[in-house]
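Structure data follow from data_6.cif (mmCIF, N, CA and C atoms):
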```cif
data_model
loop_
_atom_site.label_atom_id
_atom_site.label_comp_id
_atom_site.auth_asym_id
_atom_site.auth_seq_id
_atom_site.Cartn_x
_atom_site.Cartn_y
_atom_site.Cartn_z
N MET A 1 46.02 50.74 -16.33
CA MET A 1 46.47 49.46 -16.80
C MET A 1 45.59 48.39 -16.17
N ARG A 2 45.04 47.52 -16.93
CA ARG A 2 44.17 46.48 -16.39
C ARG A 2 44.94 45.47 -15.56
N ASP A 3 46.10 45.08 -16.01
CA ASP A 3 46.86 44.05 -15.31
C ASP A 3 48.09 44.69 -14.68
N HIS A 4 47.96 45.06 -13.41
CA HIS A 4 49.05 45.76 -12.73
C HIS A 4 50.29 44.89 -12.57
N ARG A 5 50.19 43.60 -12.76
CA ARG A 5 51.34 42.72 -12.63
C ARG A 5 52.34 42.95 -13.75
N ARG A 6 51.95 43.64 -14.79
CA ARG A 6 52.88 43.91 -15.90
C ARG A 6 53.84 45.04 -15.57
N ALA A 7 53.52 45.86 -14.58
CA ALA A 7 54.47 46.89 -14.17
C ALA A 7 55.63 46.18 -13.47
N ALA A 8 56.82 46.56 -13.80
CA ALA A 8 57.99 45.91 -13.22
C ALA A 8 58.05 46.22 -11.73
N ARG A 9 58.10 45.19 -10.92
CA ARG A 9 58.09 45.37 -9.46
C ARG A 9 59.28 46.19 -8.98
N LEU A 10 60.41 45.97 -9.57
CA LEU A 10 61.61 46.68 -9.15
C LEU A 10 62.00 47.80 -10.11
N GLY A 11 61.13 48.06 -11.09
CA GLY A 11 61.42 49.10 -12.07
C GLY A 11 61.24 50.48 -11.48
N MET A 12 61.88 51.43 -12.12
CA MET A 12 61.74 52.83 -11.71
C MET A 12 60.51 53.40 -12.39
N HIS A 13 59.69 54.08 -11.61
CA HIS A 13 58.48 54.72 -12.11
C HIS A 13 58.54 56.19 -11.70
N TYR A 14 58.11 57.08 -12.59
CA TYR A 14 58.24 58.51 -12.35
C TYR A 14 56.89 59.19 -12.49
N LEU A 15 56.69 60.25 -11.71
CA LEU A 15 55.43 60.98 -11.68
C LEU A 15 55.76 62.47 -11.64
N PHE A 16 55.25 63.22 -12.64
CA PHE A 16 55.48 64.65 -12.72
C PHE A 16 54.15 65.39 -12.81
N PRO A 17 53.87 66.31 -11.88
CA PRO A 17 52.64 67.10 -12.00
C PRO A 17 52.76 68.05 -13.19
N THR A 18 51.69 68.13 -13.98
CA THR A 18 51.74 68.99 -15.16
C THR A 18 50.70 70.11 -15.14
N ARG A 19 49.57 69.87 -14.43
CA ARG A 19 48.57 70.94 -14.35
C ARG A 19 47.56 70.61 -13.24
N VAL A 20 46.80 71.62 -12.88
CA VAL A 20 45.73 71.44 -11.89
C VAL A 20 44.52 70.86 -12.60
N GLN A 21 43.93 69.85 -12.01
CA GLN A 21 42.74 69.20 -12.58
C GLN A 21 41.57 69.47 -11.64
N GLN A 22 40.62 70.25 -12.10
CA GLN A 22 39.44 70.54 -11.29
C GLN A 22 38.20 70.25 -12.13
N LEU A 23 37.35 69.40 -11.61
CA LEU A 23 36.13 69.04 -12.33
C LEU A 23 35.03 70.01 -11.94
N THR A 24 34.87 71.07 -12.72
CA THR A 24 33.89 72.10 -12.39
C THR A 24 32.46 71.58 -12.43
N HIS A 25 32.22 70.55 -13.22
CA HIS A 25 30.88 69.97 -13.29
C HIS A 25 30.61 69.00 -12.14
N ARG A 26 31.65 68.69 -11.34
CA ARG A 26 31.51 67.81 -10.16
C ARG A 26 32.22 68.45 -8.98
N PRO A 27 31.58 69.44 -8.35
CA PRO A 27 32.23 70.18 -7.27
C PRO A 27 32.58 69.32 -6.06
N GLU A 28 31.99 68.15 -5.91
CA GLU A 28 32.31 67.27 -4.78
C GLU A 28 33.66 66.58 -4.93
N VAL A 29 34.20 66.59 -6.14
CA VAL A 29 35.51 65.99 -6.39
C VAL A 29 36.59 67.03 -6.07
N PRO A 30 37.52 66.69 -5.18
CA PRO A 30 38.54 67.69 -4.80
C PRO A 30 39.50 67.99 -5.94
N LEU A 31 40.12 69.14 -5.84
CA LEU A 31 41.16 69.54 -6.78
C LEU A 31 42.26 68.49 -6.79
N GLN A 32 42.77 68.18 -7.97
CA GLN A 32 43.82 67.18 -8.11
C GLN A 32 44.89 67.70 -9.05
N TRP A 33 46.04 67.09 -8.99
CA TRP A 33 47.11 67.40 -9.93
C TRP A 33 47.13 66.34 -11.00
N ARG A 34 47.04 66.77 -12.26
CA ARG A 34 47.18 65.85 -13.39
C ARG A 34 48.67 65.63 -13.58
N CYS A 35 49.10 64.40 -13.47
CA CYS A 35 50.51 64.07 -13.55
C CYS A 35 50.79 63.19 -14.76
N GLN A 36 51.94 63.39 -15.36
CA GLN A 36 52.45 62.45 -16.35
C GLN A 36 53.19 61.37 -15.58
N GLN A 37 52.99 60.14 -15.99
CA GLN A 37 53.71 59.05 -15.34
C GLN A 37 54.50 58.27 -16.38
N LEU A 38 55.69 57.91 -16.01
CA LEU A 38 56.54 57.07 -16.84
C LEU A 38 56.73 55.77 -16.08
N LEU A 39 56.17 54.71 -16.63
CA LEU A 39 56.20 53.40 -15.97
C LEU A 39 57.14 52.46 -16.71
N THR A 40 57.86 51.66 -15.97
CA THR A 40 58.66 50.60 -16.55
C THR A 40 57.87 49.31 -16.41
N VAL A 41 57.60 48.65 -17.52
CA VAL A 41 56.83 47.40 -17.48
C VAL A 41 57.78 46.21 -17.40
N SER A 42 57.23 45.03 -17.23
CA SER A 42 58.04 43.84 -16.97
C SER A 42 59.02 43.50 -18.09
N THR A 43 58.77 43.99 -19.31
CA THR A 43 59.69 43.75 -20.42
C THR A 43 60.87 44.73 -20.41
N GLY A 44 60.80 45.73 -19.52
CA GLY A 44 61.83 46.76 -19.47
C GLY A 44 61.47 48.00 -20.28
N GLU A 45 60.43 47.90 -21.10
CA GLU A 45 59.99 49.05 -21.89
C GLU A 45 59.37 50.10 -20.97
N GLN A 46 59.52 51.36 -21.36
CA GLN A 46 58.90 52.43 -20.60
C GLN A 46 57.71 52.96 -21.38
N ILE A 47 56.61 53.16 -20.66
CA ILE A 47 55.38 53.67 -21.26
C ILE A 47 54.91 54.86 -20.43
N TRP A 48 54.11 55.73 -21.06
CA TRP A 48 53.64 56.89 -20.30
C TRP A 48 52.13 57.00 -20.33
N GLY A 49 51.63 57.60 -19.27
CA GLY A 49 50.20 57.83 -19.15
C GLY A 49 49.95 59.02 -18.23
N LEU A 50 48.70 59.22 -17.90
CA LEU A 50 48.29 60.31 -17.03
C LEU A 50 47.65 59.74 -15.77
N LEU A 51 47.82 60.45 -14.67
CA LEU A 51 47.27 60.02 -13.39
C LEU A 51 46.92 61.26 -12.59
N ASP A 52 45.71 61.31 -12.06
CA ASP A 52 45.31 62.42 -11.19
C ASP A 52 45.64 62.05 -9.75
N VAL A 53 46.28 62.97 -9.04
CA VAL A 53 46.75 62.73 -7.68
C VAL A 53 46.33 63.90 -6.79
N LEU A 54 45.87 63.59 -5.59
CA LEU A 54 45.56 64.64 -4.64
C LEU A 54 46.85 65.35 -4.23
N PRO A 55 46.85 66.67 -4.14
CA PRO A 55 48.07 67.40 -3.79
C PRO A 55 48.72 66.92 -2.49
N ASP A 56 47.95 66.65 -1.46
CA ASP A 56 48.53 66.19 -0.19
C ASP A 56 49.23 64.85 -0.36
N THR A 57 48.67 63.99 -1.18
CA THR A 57 49.30 62.69 -1.44
C THR A 57 50.61 62.88 -2.20
N PHE A 58 50.58 63.72 -3.22
CA PHE A 58 51.79 63.97 -4.00
C PHE A 58 52.89 64.56 -3.13
N ASP A 59 52.53 65.48 -2.25
CA ASP A 59 53.52 66.13 -1.40
C ASP A 59 54.24 65.15 -0.48
N LYS A 60 53.65 64.00 -0.21
CA LYS A 60 54.27 63.00 0.66
C LYS A 60 55.30 62.14 -0.07
N ILE A 61 55.34 62.23 -1.39
CA ILE A 61 56.32 61.47 -2.17
C ILE A 61 57.65 62.21 -2.10
N PRO A 62 58.71 61.53 -1.67
CA PRO A 62 60.00 62.23 -1.55
C PRO A 62 60.57 62.62 -2.91
N GLU A 63 61.19 63.78 -2.96
CA GLU A 63 61.88 64.26 -4.17
C GLU A 63 63.23 63.56 -4.26
N THR A 64 63.50 62.91 -5.40
CA THR A 64 64.75 62.15 -5.52
C THR A 64 65.58 62.52 -6.73
N LEU A 65 65.07 63.42 -7.59
CA LEU A 65 65.78 63.72 -8.83
C LEU A 65 66.34 65.13 -8.85
N ASP A 66 67.53 65.27 -9.45
CA ASP A 66 68.08 66.60 -9.67
C ASP A 66 67.53 67.13 -11.00
N THR A 67 67.84 68.36 -11.33
CA THR A 67 67.30 69.00 -12.53
C THR A 67 67.67 68.26 -13.81
N ALA A 68 68.90 67.82 -13.93
CA ALA A 68 69.33 67.09 -15.14
C ALA A 68 68.56 65.78 -15.29
N SER A 69 68.34 65.09 -14.20
CA SER A 69 67.58 63.83 -14.25
C SER A 69 66.13 64.08 -14.65
N LYS A 70 65.55 65.15 -14.15
CA LYS A 70 64.17 65.50 -14.51
C LYS A 70 64.07 65.77 -16.01
N LYS A 71 65.03 66.49 -16.56
CA LYS A 71 65.01 66.77 -18.00
C LYS A 71 65.12 65.48 -18.80
N ASP A 72 65.95 64.56 -18.33
CA ASP A 72 66.10 63.26 -19.00
C ASP A 72 64.77 62.49 -18.98
N ILE A 73 64.09 62.49 -17.85
CA ILE A 73 62.82 61.78 -17.73
C ILE A 73 61.78 62.40 -18.66
N VAL A 74 61.73 63.73 -18.71
CA VAL A 74 60.78 64.41 -19.60
C VAL A 74 61.06 64.02 -21.05
N ASN A 75 62.32 63.95 -21.45
CA ASN A 75 62.66 63.52 -22.81
C ASN A 75 62.22 62.08 -23.05
N ARG A 76 62.38 61.22 -22.07
CA ARG A 76 61.96 59.82 -22.22
C ARG A 76 60.44 59.71 -22.29
N ILE A 77 59.73 60.55 -21.54
CA ILE A 77 58.26 60.56 -21.62
C ILE A 77 57.83 60.94 -23.03
N GLU A 78 58.48 61.95 -23.61
CA GLU A 78 58.11 62.41 -24.95
C GLU A 78 58.33 61.33 -26.01
N GLN A 79 59.23 60.40 -25.77
CA GLN A 79 59.52 59.34 -26.74
C GLN A 79 58.81 58.03 -26.42
N ALA A 80 58.22 57.93 -25.25
CA ALA A 80 57.62 56.66 -24.81
C ALA A 80 56.28 56.40 -25.49
N VAL A 81 55.94 55.14 -25.55
CA VAL A 81 54.64 54.70 -26.06
C VAL A 81 53.59 55.01 -25.01
N LYS A 82 52.41 55.44 -25.44
CA LYS A 82 51.32 55.69 -24.51
C LYS A 82 50.80 54.37 -23.95
N VAL A 83 50.30 54.41 -22.71
CA VAL A 83 49.78 53.21 -22.05
C VAL A 83 48.75 52.52 -22.94
N ARG A 84 47.82 53.30 -23.48
CA ARG A 84 46.75 52.70 -24.31
C ARG A 84 47.32 51.97 -25.53
N GLU A 85 48.28 52.61 -26.21
CA GLU A 85 48.89 51.97 -27.39
C GLU A 85 49.63 50.69 -26.99
N TRP A 86 50.32 50.75 -25.86
CA TRP A 86 51.05 49.58 -25.37
C TRP A 86 50.08 48.44 -25.04
N MET A 87 48.96 48.77 -24.39
CA MET A 87 47.97 47.75 -24.04
C MET A 87 47.38 47.12 -25.30
N GLU A 88 47.07 47.95 -26.30
CA GLU A 88 46.51 47.43 -27.54
C GLU A 88 47.52 46.52 -28.24
N ARG A 89 48.77 46.93 -28.26
CA ARG A 89 49.81 46.11 -28.90
C ARG A 89 50.01 44.80 -28.16
N THR A 90 50.07 44.82 -26.85
CA THR A 90 50.30 43.58 -26.10
C THR A 90 49.08 42.67 -26.19
N ALA A 91 47.89 43.23 -26.28
CA ALA A 91 46.69 42.40 -26.46
C ALA A 91 46.71 41.73 -27.83
N ALA A 92 47.14 42.48 -28.85
CA ALA A 92 47.22 41.91 -30.19
C ALA A 92 48.30 40.82 -30.25
N ASP A 93 49.41 41.04 -29.56
CA ASP A 93 50.49 40.04 -29.52
C ASP A 93 50.05 38.76 -28.82
N ALA A 94 49.15 38.90 -27.83
CA ALA A 94 48.70 37.73 -27.07
C ALA A 94 47.73 36.88 -27.88
N GLY A 95 47.09 37.49 -28.88
CA GLY A 95 46.16 36.74 -29.72
C GLY A 95 44.83 36.51 -29.02
N PRO A 96 43.96 35.73 -29.68
CA PRO A 96 42.60 35.50 -29.13
C PRO A 96 42.60 34.59 -27.91
#
```

Target format structure tokens, applied to this file:
Amino acid sequence: MRDHRRAARLGMHYLFPTRVQQLTHRPEVPLQWRCQQLLTVSTGEQIWGLLDVLPDTFDKIPETLDTASKKDIVNRIEQAVKVREWMERTAADAGP
């Protein structure tokens, strides 16, 4: 997101690892986890995107959701607008 101020400061944001991301063509880049993220923006809308995170960094994030909550978040991710689509729409709404 170009303008991080659009993410709701007090909104709930979620991060789920989905697969291992290893750049075989760039061996100097460490192994990372490709995560789906569900962000709440300042309008209250939820949007989703992808974020690569180092495993050690991810492991430091406390686990706060039970299984039912995780399933709910995954369903919301599946229905959410992608970050890119949201950015294009908000840019078009802002006009020239």

Evaluate the PyMOL selection byres (((chain A and resi 46 and name CA) around 9) and name CA) and report residues as a PyMOL selection string: chain A and resi 13+38-41+43-45+47-48+76-77+80-81

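Protein and nucleic acid residues near (47.8, 64.5, -13.7) are Leu15, Phe16, Pro17, Thr18, Arg19, Val20, Gln21, Gln22, Leu31, Gln32, Trp33, Arg34, Cys35, Gln36, Gln37, Leu38, Trp48, Gly49, Leu50, Leu51, Asp52, Val53, Leu54, Pro55 and Phe58 of chain A, the criterion being any atom at most 12 Å away using only C-alpha atoms.
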
Using DSSP on the backbone coordinates, identify the residues of chain A assigned to strand (DSSP E or B); present them as a short mmCIF file (atom, residue, chain, number, x, y, z; two decimals) with N, CA and C atoms, keeping the file's coordinate frame.
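Produced file result.cif, reproduced below:
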```cif
data_model
loop_
_atom_site.label_atom_id
_atom_site.label_comp_id
_atom_site.auth_asym_id
_atom_site.auth_seq_id
_atom_site.Cartn_x
_atom_site.Cartn_y
_atom_site.Cartn_z
N ALA A 7 53.52 45.86 -14.58
CA ALA A 7 54.47 46.89 -14.17
C ALA A 7 55.63 46.18 -13.47
N TYR A 14 58.11 57.08 -12.59
CA TYR A 14 58.24 58.51 -12.35
C TYR A 14 56.89 59.19 -12.49
N LEU A 15 56.69 60.25 -11.71
CA LEU A 15 55.43 60.98 -11.68
C LEU A 15 55.76 62.47 -11.64
N PHE A 16 55.25 63.22 -12.64
CA PHE A 16 55.48 64.65 -12.72
C PHE A 16 54.15 65.39 -12.81
N PRO A 17 53.87 66.31 -11.88
CA PRO A 17 52.64 67.10 -12.00
C PRO A 17 52.76 68.05 -13.19
N THR A 18 51.69 68.13 -13.98
CA THR A 18 51.74 68.99 -15.16
C THR A 18 50.70 70.11 -15.14
N ARG A 19 49.57 69.87 -14.43
CA ARG A 19 48.57 70.94 -14.35
C ARG A 19 47.56 70.61 -13.24
N VAL A 20 46.80 71.62 -12.88
CA VAL A 20 45.73 71.44 -11.89
C VAL A 20 44.52 70.86 -12.60
N GLN A 21 43.93 69.85 -12.01
CA GLN A 21 42.74 69.20 -12.58
C GLN A 21 41.57 69.47 -11.64
N GLN A 32 42.77 68.18 -7.97
CA GLN A 32 43.82 67.18 -8.11
C GLN A 32 44.89 67.70 -9.05
N TRP A 33 46.04 67.09 -8.99
CA TRP A 33 47.11 67.40 -9.93
C TRP A 33 47.13 66.34 -11.00
N ARG A 34 47.04 66.77 -12.26
CA ARG A 34 47.18 65.85 -13.39
C ARG A 34 48.67 65.63 -13.58
N CYS A 35 49.10 64.40 -13.47
CA CYS A 35 50.51 64.07 -13.55
C CYS A 35 50.79 63.19 -14.76
N GLN A 36 51.94 63.39 -15.36
CA GLN A 36 52.45 62.45 -16.35
C GLN A 36 53.19 61.37 -15.58
N GLN A 37 52.99 60.14 -15.99
CA GLN A 37 53.71 59.05 -15.34
C GLN A 37 54.50 58.27 -16.38
N LEU A 38 55.69 57.91 -16.01
CA LEU A 38 56.54 57.07 -16.84
C LEU A 38 56.73 55.77 -16.08
N LEU A 39 56.17 54.71 -16.63
CA LEU A 39 56.20 53.40 -15.97
C LEU A 39 57.14 52.46 -16.71
N THR A 40 57.86 51.66 -15.97
CA THR A 40 58.66 50.60 -16.55
C THR A 40 57.87 49.31 -16.41
N VAL A 41 57.60 48.65 -17.52
CA VAL A 41 56.83 47.40 -17.48
C VAL A 41 57.78 46.21 -17.40
N GLN A 46 59.52 51.36 -21.36
CA GLN A 46 58.90 52.43 -20.60
C GLN A 46 57.71 52.96 -21.38
N ILE A 47 56.61 53.16 -20.66
CA ILE A 47 55.38 53.67 -21.26
C ILE A 47 54.91 54.86 -20.43
N TRP A 48 54.11 55.73 -21.06
CA TRP A 48 53.64 56.89 -20.30
C TRP A 48 52.13 57.00 -20.33
N GLY A 49 51.63 57.60 -19.27
CA GLY A 49 50.20 57.83 -19.15
C GLY A 49 49.95 59.02 -18.23
N LEU A 50 48.70 59.22 -17.90
CA LEU A 50 48.29 60.31 -17.03
C LEU A 50 47.65 59.74 -15.77
N LEU A 51 47.82 60.45 -14.67
CA LEU A 51 47.27 60.02 -13.39
C LEU A 51 46.92 61.26 -12.59
N ASP A 52 45.71 61.31 -12.06
CA ASP A 52 45.31 62.42 -11.19
C ASP A 52 45.64 62.05 -9.75
N VAL A 53 46.28 62.97 -9.04
CA VAL A 53 46.75 62.73 -7.68
C VAL A 53 46.33 63.90 -6.79
N VAL A 81 55.94 55.14 -25.55
CA VAL A 81 54.64 54.70 -26.06
C VAL A 81 53.59 55.01 -25.01
N LYS A 82 52.41 55.44 -25.44
CA LYS A 82 51.32 55.69 -24.51
C LYS A 82 50.80 54.37 -23.95
#
```

By how many Å are atom CA of A:Arg26 and atom CA of A:Met87 apart? 29.4 Å

Could you write out, as a PyMOL selection string, all the residues of chain A that DSSP marks as helix (DSSP H, G or I)? chain A and resi 4-6+55-59+67-79+83-94

With distances taken over only C-alpha atoms, the candidate from A:Ala68, A:Ile73, A:Ile61, A:Ala91 nearest A:Met12 is A:Ile73

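In this model, the gap between atom CA of A:Tyr14 and atom N of A:Leu65 comes to 9.7 Å.
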
Work out how far apart atom N of A:Asn75 and atom CA of A:Ser42 are and give it in Å to one decimal. 21.0 Å
